[in-house]
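Here is the file entry_33.txt (compact mmCIF, C-alpha atoms).
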```txt
# COMPACT_ATOMS: atom_id res chain seq x y z
CA MET D 1 26.44 21.35 4.01
CA LYS D 2 23.75 19.81 6.21
CA LYS D 3 20.09 20.03 5.28
CA PRO D 4 17.99 22.24 7.55
CA ILE D 5 15.83 20.37 10.02
CA ARG D 6 12.74 22.45 9.35
CA LYS D 7 11.60 23.42 5.91
CA THR D 8 11.96 27.12 5.30
CA GLN D 9 8.57 27.21 3.57
CA GLY D 10 6.79 27.50 6.87
CA LYS D 11 3.86 25.50 8.14
CA HIS D 12 2.12 22.93 6.01
CA PHE D 13 -1.52 23.36 5.05
CA TYR D 14 -2.49 20.74 7.65
CA SER D 15 -0.36 22.03 10.56
CA HIS D 16 -3.37 23.34 12.47
CA ILE D 17 -4.95 19.86 12.68
CA VAL D 18 -1.86 17.67 13.15
CA GLU D 19 -0.08 17.39 16.50
CA THR D 20 3.34 15.73 16.68
CA SER D 21 4.58 16.67 20.14
CA SER D 22 3.89 13.17 21.51
CA LEU D 23 6.38 11.76 18.98
CA THR D 24 8.94 14.43 19.83
CA LEU D 25 8.62 13.62 23.52
CA ALA D 26 8.84 9.88 22.89
CA LEU D 27 12.01 10.33 20.83
CA ALA D 28 13.47 12.47 23.62
CA ASP D 29 13.36 9.42 25.89
CA ILE D 30 15.70 7.44 23.62
CA ASP D 31 19.43 7.64 24.23
CA LEU D 32 20.48 9.33 20.98
CA SER D 33 22.88 12.04 19.96
CA HIS D 34 21.40 15.43 19.16
CA GLU D 35 22.00 14.86 15.44
CA GLU D 36 20.39 11.40 15.50
CA ARG D 37 17.33 12.76 17.31
CA LEU D 38 16.97 15.63 14.82
CA HIS D 39 17.34 13.22 11.93
CA LEU D 40 14.60 10.96 13.34
CA LEU D 41 12.33 13.97 13.87
CA GLN D 42 12.91 15.04 10.27
CA LEU D 43 12.12 11.52 9.03
CA THR D 44 8.98 11.50 11.17
CA GLU D 45 7.80 14.82 9.74
CA GLU D 46 8.53 13.68 6.18
CA ASN D 47 6.69 10.41 6.77
CA LEU D 48 3.67 12.30 8.11
CA HIS D 49 3.80 14.71 5.18
CA HIS D 50 3.88 11.93 2.58
CA THR D 51 1.14 9.99 4.36
CA ILE D 52 -1.12 13.06 4.42
CA LEU D 53 -0.41 13.90 0.77
CA ASP D 54 -1.17 10.31 -0.22
CA ALA D 55 -4.45 10.34 1.71
CA VAL D 56 -5.53 13.63 0.14
CA LEU D 57 -4.45 12.75 -3.40
CA SER D 58 -6.33 9.45 -3.24
CA GLU D 59 -9.53 11.46 -2.78
CA LEU D 60 -9.04 13.76 -5.79
CA SER D 61 -9.52 13.45 -9.55
CA GLU D 62 -6.48 13.75 -11.82
CA GLU D 63 -7.30 17.37 -12.63
CA ASP D 64 -7.87 18.25 -8.98
CA LYS D 65 -4.61 16.53 -7.99
CA LYS D 66 -2.67 18.86 -10.27
CA LEU D 67 -4.42 21.91 -8.86
CA PHE D 68 -3.93 20.71 -5.30
CA LEU D 69 -0.20 20.15 -5.85
CA GLN D 70 0.17 23.59 -7.39
CA HIS D 71 -1.46 25.15 -4.33
CA VAL D 72 0.72 23.09 -1.97
CA ALA D 73 3.88 24.04 -3.90
CA THR D 74 3.08 27.74 -3.56
CA ASN D 75 1.98 27.44 0.09
CA SER D 76 -1.48 28.74 -0.84
CA HIS D 77 -3.15 27.24 2.21
CA ASP D 78 -6.48 28.99 1.72
CA LYS D 79 -6.67 27.71 -1.86
CA VAL D 80 -5.74 24.21 -0.71
CA TRP D 81 -8.53 24.17 1.86
CA ASN D 82 -11.07 25.72 -0.51
CA LEU D 83 -10.32 22.99 -3.04
CA LEU D 84 -10.41 20.21 -0.47
CA HIS D 85 -13.64 21.40 1.14
CA THR D 86 -15.23 21.62 -2.30
CA LYS D 87 -14.04 18.23 -3.55
CA VAL D 88 -13.68 16.00 -0.48
CA GLY D 89 -16.12 15.45 2.35
CA ASN D 90 -14.78 15.34 5.92
CA ILE D 91 -11.21 15.93 4.77
CA GLU D 92 -9.96 17.06 8.20
CA GLU D 93 -11.26 13.85 9.76
CA LYS D 94 -9.64 11.78 7.00
CA ILE D 95 -6.31 13.49 7.55
CA GLN D 96 -6.56 13.08 11.32
CA LYS D 97 -7.38 9.39 10.89
CA VAL D 98 -4.31 8.61 8.75
CA VAL D 99 -2.12 10.69 11.07
CA HIS D 100 -3.48 8.84 14.10
CA GLU D 101 -2.73 5.47 12.49
CA LEU D 102 0.81 6.49 11.52
CA LYS D 103 1.53 7.97 14.94
CA LYS D 104 0.29 4.78 16.58
CA GLU D 105 2.69 2.77 14.39
CA LEU D 106 5.59 5.13 15.11
CA HIS D 107 4.92 5.02 18.87
CA LYS D 108 4.88 1.24 18.66
CA ASP D 109 8.30 1.32 16.95
CA ILE D 110 9.70 3.80 19.48
CA ASN D 111 8.40 1.67 22.36
CA ALA D 112 10.01 -1.42 20.84
CA VAL D 113 13.37 0.39 20.72
CA THR D 114 13.10 1.68 24.27
CA SER D 115 11.97 -1.74 25.54
CA SER D 116 14.84 -3.56 23.84
CA LYS D 117 17.39 -1.04 25.21
CA ALA D 118 15.89 -1.37 28.71
CA ALA D 119 16.17 -5.16 28.53
CA LYS D 120 19.94 -4.97 27.87
```
Target format structure tokens, applied to this file:
Amino acid sequence: MKKPIRKTQGKHFYSHIVETSSLTLALADIDLSHEERLHLLQLTEENLHHTILDAVLSELSEEDKKLFLQHVATNSHDKVWNLLHTKVGNIEEKIQKVVHELKKELHKDINAVTSSKAAK
């Protein structure tokens, strides 16, 4: 049985500050099967998720990391944000910065693929 493309948990705690449509549109320009495109989108979302978690966890103490992960696991978005706003300054900006850097890298990779296919 195939894994679902979207997690059934719903939005992530950071969904309101992270935009990924530019990556989706860039991937749409590559000659891929539907399944390949969905797989790349899933990998992109997972990569973003892990990058954001890493950025947030690097800002928290060991005790706060455990609490944060509990809140994330239960989709308690309000509790996540209350914790982050209490413990980390400018957390939205920090998340947006790491997302921007990753998206820039991913766009660079996508452009390299499209350029190499165009050259053939």
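With distances restricted to all atoms listed in the file, D:Thr24 is the closest residue to Leu38 in chain D from D:Thr24, D:Ala73, D:Lys94, D:Phe68.
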- Note on the structure: Taken to one decimal, the CA of Arg37 in chain D-CA of His100 in chain D distance is 21.4 Å
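For the atom pair formed by CA of Asn111 in chain D and CA of Ala26 in chain D, the distance is 8.2 Å, given to one decimal.
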- Message: What's around Asn82 in chain D at 12 Å? Count all atoms listed in the file, leave out sequence neighbours fewer than 3 positions away in its own chain, and write the answer as a list in words.
- Response: Phe13, Asp64, Leu67, Phe68, His71, Ser76, His77, Asp78, Lys79, His85, Thr86, Lys87, Val88, Gly89 and Ile91 of chain D
- Message: Applying 8 Å and only C-alpha atoms, which residues near Leu23 in chain D remain after dropping the ones on its own chain fewer than 4 positions away? List them as a list of chain:residue names.
- Response: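 Everything that qualifies: D:Leu27, D:Lys103, D:Leu106, D:His107.
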- Option closest in space to Asp54 in chain D, from D:Ala112, D:Leu32, D:Leu41, D:Leu69 [counting all atoms listed in the file]: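 Smallest distance to Asp54 in chain D is found for D:Leu69.
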- Task: Quote the spacing between CA of Lys97 in chain D and CA of Val18 in chain D in Å to one decimal place.
- Result: 10.2 Å
- Taking the point (-7.8, 22.3, 5.0) as given in the file, collect each protein or nucleic acid residue that comes within 7 Å of it, counting only C-alpha atoms, and present the set as a list in words.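 In the file's frame, the residues around the point are Phe13, Tyr14, Val80, Trp81, Leu84 and Glu92 of chain D.
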- Message: Residues near Glu93 in chain D, anyone? I mean within 10 Å using all atoms listed in the file, not counting same-chain ones fewer than 5 positions away, as a PyMOL selection string.
- Response: chain D and resi 17+98-99
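With only C-alpha atoms as the atoms that count, the minimum distance from Glu101 in chain D to the choices D:Leu48, D:Val72, D:Leu83, D:Leu53 is reached by D:Leu48.
Nearest-residue note for Asp29 in chain D: choosing from D:Gln70, D:Thr51, D:Ser115, D:Gln42, the minimum distance belongs to D:Ser115, counting all atoms listed in the file.
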- Measuring atom to atom with only C-alpha atoms, identify which of D:Thr20, D:Thr114, D:Gln96, D:Thr74 is nearest to Glu46 in chain D.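 Answer, going by the shortest atom-to-atom distance: D:Thr20.
Among the candidate residues D:Glu59, D:Ile52, D:Thr44, D:Ile95, the one lying nearest to Ser21 in chain D is D:Thr44, with distances computed using all atoms listed in the file.
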Will you give me chain D, written with C-alpha atoms and laid out as a PDB file, in the first residue's frame?
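Contents of the output file result_14.pdb:
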```
ATOM      1  CA  MET D   1       0.000   0.000   0.000  1.00  0.00           C
ATOM      2  CA  LYS D   2       1.352   3.430  -0.936  1.00  0.00           C
ATOM      3  CA  LYS D   3       1.996   6.067   1.696  1.00  0.00           C
ATOM      4  CA  PRO D   4      -0.346   9.059   1.564  1.00  0.00           C
ATOM      5  CA  ILE D   5       1.161  12.179   0.045  1.00  0.00           C
ATOM      6  CA  ARG D   6      -0.131  14.492   2.748  1.00  0.00           C
ATOM      7  CA  LYS D   7       0.025  13.675   6.410  1.00  0.00           C
ATOM      8  CA  THR D   8      -3.396  13.090   7.871  1.00  0.00           C
ATOM      9  CA  GLN D   9      -2.456  15.082  10.975  1.00  0.00           C
ATOM     10  CA  GLY D  10      -3.290  18.322   9.260  1.00  0.00           C
ATOM     11  CA  LYS D  11      -1.227  21.461   9.050  1.00  0.00           C
ATOM     12  CA  HIS D  12       2.056  21.823  10.849  1.00  0.00           C
ATOM     13  CA  PHE D  13       2.507  24.434  13.553  1.00  0.00           C
ATOM     14  CA  TYR D  14       4.495  26.586  11.107  1.00  0.00           C
ATOM     15  CA  SER D  15       2.154  26.300   8.094  1.00  0.00           C
ATOM     16  CA  HIS D  16       0.918  29.873   8.418  1.00  0.00           C
ATOM     17  CA  ILE D  17       4.441  31.298   7.952  1.00  0.00           C
ATOM     18  CA  VAL D  18       5.887  28.884   5.377  1.00  0.00           C
ATOM     19  CA  GLU D  19       4.984  29.110   1.684  1.00  0.00           C
ATOM     20  CA  THR D  20       5.945  26.271  -0.654  1.00  0.00           C
ATOM     21  CA  SER D  21       3.945  27.013  -3.795  1.00  0.00           C
ATOM     22  CA  SER D  22       7.032  28.283  -5.643  1.00  0.00           C
ATOM     23  CA  LEU D  23       8.617  24.839  -5.252  1.00  0.00           C
ATOM     24  CA  THR D  24       5.423  23.113  -6.374  1.00  0.00           C
ATOM     25  CA  LEU D  25       5.290  25.304  -9.474  1.00  0.00           C
ATOM     26  CA  ALA D  26       8.977  24.748 -10.227  1.00  0.00           C
ATOM     27  CA  LEU D  27       8.547  20.979  -9.970  1.00  0.00           C
ATOM     28  CA  ALA D  28       5.544  21.200 -12.300  1.00  0.00           C
ATOM     29  CA  ASP D  29       7.882  22.450 -15.036  1.00  0.00           C
ATOM     30  CA  ILE D  30       9.957  19.256 -14.949  1.00  0.00           C
ATOM     31  CA  ASP D  31       8.988  16.390 -17.222  1.00  0.00           C
ATOM     32  CA  LEU D  32       8.042  13.811 -14.576  1.00  0.00           C
ATOM     33  CA  SER D  33       5.325  11.253 -14.092  1.00  0.00           C
ATOM     34  CA  HIS D  34       2.560  12.139 -11.666  1.00  0.00           C
ATOM     35  CA  GLU D  35       3.961   9.679  -9.110  1.00  0.00           C
ATOM     36  CA  GLU D  36       7.503  11.057  -9.431  1.00  0.00           C
ATOM     37  CA  ARG D  37       6.254  14.620  -8.975  1.00  0.00           C
ATOM     38  CA  LEU D  38       4.227  13.661  -5.892  1.00  0.00           C
ATOM     39  CA  HIS D  39       7.210  11.817  -4.460  1.00  0.00           C
ATOM     40  CA  LEU D  40       9.457  14.872  -4.956  1.00  0.00           C
ATOM     41  CA  LEU D  41       6.835  17.107  -3.341  1.00  0.00           C
ATOM     42  CA  GLN D  42       6.654  14.756  -0.372  1.00  0.00           C
ATOM     43  CA  LEU D  43      10.454  14.753  -0.053  1.00  0.00           C
ATOM     44  CA  THR D  44      10.451  18.542  -0.255  1.00  0.00           C
ATOM     45  CA  GLU D  45       7.858  18.840   2.510  1.00  0.00           C
ATOM     46  CA  GLU D  46       9.740  16.350   4.696  1.00  0.00           C
ATOM     47  CA  ASN D  47      13.003  18.201   4.116  1.00  0.00           C
ATOM     48  CA  LEU D  48      11.371  21.490   5.096  1.00  0.00           C
ATOM     49  CA  HIS D  49       9.815  19.884   8.160  1.00  0.00           C
ATOM     50  CA  HIS D  50      13.119  18.436   9.381  1.00  0.00           C
ATOM     51  CA  THR D  51      14.964  21.682   8.683  1.00  0.00           C
ATOM     52  CA  ILE D  52      12.405  23.666  10.693  1.00  0.00           C
ATOM     53  CA  LEU D  53      12.429  21.176  13.579  1.00  0.00           C
ATOM     54  CA  ASP D  54      16.228  21.276  13.651  1.00  0.00           C
ATOM     55  CA  ALA D  55      16.251  25.075  13.703  1.00  0.00           C
ATOM     56  CA  VAL D  56      13.708  25.213  16.521  1.00  0.00           C
ATOM     57  CA  LEU D  57      15.283  22.441  18.597  1.00  0.00           C
ATOM     58  CA  SER D  58      18.700  24.102  18.381  1.00  0.00           C
ATOM     59  CA  GLU D  59      17.197  27.091  20.205  1.00  0.00           C
ATOM     60  CA  LEU D  60      15.706  25.130  23.123  1.00  0.00           C
ATOM     61  CA  SER D  61      17.056  23.577  26.323  1.00  0.00           C
ATOM     62  CA  GLU D  62      16.857  19.802  26.765  1.00  0.00           C
ATOM     63  CA  GLU D  63      13.760  20.113  28.947  1.00  0.00           C
ATOM     64  CA  ASP D  64      12.066  22.509  26.524  1.00  0.00           C
ATOM     65  CA  LYS D  65      12.903  20.226  23.580  1.00  0.00           C
ATOM     66  CA  LYS D  66      10.949  17.404  25.197  1.00  0.00           C
ATOM     67  CA  LEU D  67       7.976  19.659  25.858  1.00  0.00           C
ATOM     68  CA  PHE D  68       8.114  21.081  22.345  1.00  0.00           C
ATOM     69  CA  LEU D  69       8.167  17.605  20.781  1.00  0.00           C
ATOM     70  CA  GLN D  70       5.230  16.518  22.918  1.00  0.00           C
ATOM     71  CA  HIS D  71       3.229  19.510  21.710  1.00  0.00           C
ATOM     72  CA  VAL D  72       4.213  18.860  18.080  1.00  0.00           C
ATOM     73  CA  ALA D  73       3.277  15.167  18.387  1.00  0.00           C
ATOM     74  CA  THR D  74      -0.195  16.062  19.647  1.00  0.00           C
ATOM     75  CA  ASN D  75      -0.676  18.900  17.128  1.00  0.00           C
ATOM     76  CA  SER D  76      -1.086  21.377  19.989  1.00  0.00           C
ATOM     77  CA  HIS D  77      -0.169  24.377  17.868  1.00  0.00           C
ATOM     78  CA  ASP D  78      -1.151  26.987  20.450  1.00  0.00           C
ATOM     79  CA  LYS D  79       1.023  25.273  23.063  1.00  0.00           C
ATOM     80  CA  VAL D  80       3.904  25.044  20.581  1.00  0.00           C
ATOM     81  CA  TRP D  81       3.740  28.770  19.853  1.00  0.00           C
ATOM     82  CA  ASN D  82       3.307  29.715  23.515  1.00  0.00           C
ATOM     83  CA  LEU D  83       6.430  27.728  24.362  1.00  0.00           C
ATOM     84  CA  LEU D  84       8.425  29.125  21.454  1.00  0.00           C
ATOM     85  CA  HIS D  85       7.422  32.727  22.100  1.00  0.00           C
ATOM     86  CA  THR D  86       8.368  32.301  25.757  1.00  0.00           C
ATOM     87  CA  LYS D  87      11.717  30.601  25.144  1.00  0.00           C
ATOM     88  CA  VAL D  88      12.984  31.874  21.780  1.00  0.00           C
ATOM     89  CA  GLY D  89      13.185  35.423  20.502  1.00  0.00           C
ATOM     90  CA  ASN D  90      12.135  36.136  16.913  1.00  0.00           C
ATOM     91  CA  ILE D  91      11.270  32.497  16.264  1.00  0.00           C
ATOM     92  CA  GLU D  92       9.103  33.224  13.214  1.00  0.00           C
ATOM     93  CA  GLU D  93      11.971  35.111  11.588  1.00  0.00           C
ATOM     94  CA  LYS D  94      14.386  32.281  12.396  1.00  0.00           C
ATOM     95  CA  ILE D  95      12.050  29.737  10.837  1.00  0.00           C
ATOM     96  CA  GLN D  96      11.511  31.909   7.773  1.00  0.00           C
ATOM     97  CA  LYS D  97      15.272  32.350   7.380  1.00  0.00           C
ATOM     98  CA  VAL D  98      16.051  28.608   7.367  1.00  0.00           C
ATOM     99  CA  VAL D  99      13.105  27.961   5.043  1.00  0.00           C
ATOM    100  CA  HIS D 100      14.305  30.689   2.677  1.00  0.00           C
ATOM    101  CA  GLU D 101      17.807  29.175   2.578  1.00  0.00           C
ATOM    102  CA  LEU D 102      16.496  25.664   1.940  1.00  0.00           C
ATOM    103  CA  LYS D 103      14.073  26.840  -0.741  1.00  0.00           C
ATOM    104  CA  LYS D 104      16.896  28.725  -2.448  1.00  0.00           C
ATOM    105  CA  GLU D 105      18.971  25.517  -2.466  1.00  0.00           C
ATOM    106  CA  LEU D 106      16.052  23.438  -3.758  1.00  0.00           C
ATOM    107  CA  HIS D 107      15.294  25.956  -6.517  1.00  0.00           C
ATOM    108  CA  LYS D 108      18.955  25.850  -7.496  1.00  0.00           C
ATOM    109  CA  ASP D 109      18.753  22.044  -7.760  1.00  0.00           C
ATOM    110  CA  ILE D 110      15.501  22.191  -9.746  1.00  0.00           C
ATOM    111  CA  ASN D 111      16.996  24.776 -12.110  1.00  0.00           C
ATOM    112  CA  ALA D 112      20.058  22.578 -12.613  1.00  0.00           C
ATOM    113  CA  VAL D 113      17.811  19.671 -13.612  1.00  0.00           C
ATOM    114  CA  THR D 114      15.707  21.762 -15.977  1.00  0.00           C
ATOM    115  CA  SER D 115      18.823  23.352 -17.505  1.00  0.00           C
ATOM    116  CA  SER D 116      20.503  20.002 -18.097  1.00  0.00           C
ATOM    117  CA  LYS D 117      17.324  18.560 -19.693  1.00  0.00           C
ATOM    118  CA  ALA D 118      16.985  21.657 -21.903  1.00  0.00           C
ATOM    119  CA  ALA D 119      20.590  21.291 -23.059  1.00  0.00           C
ATOM    120  CA  LYS D 120      19.952  17.733 -24.323  1.00  0.00           C
TER     121      LYS D 120
END
```
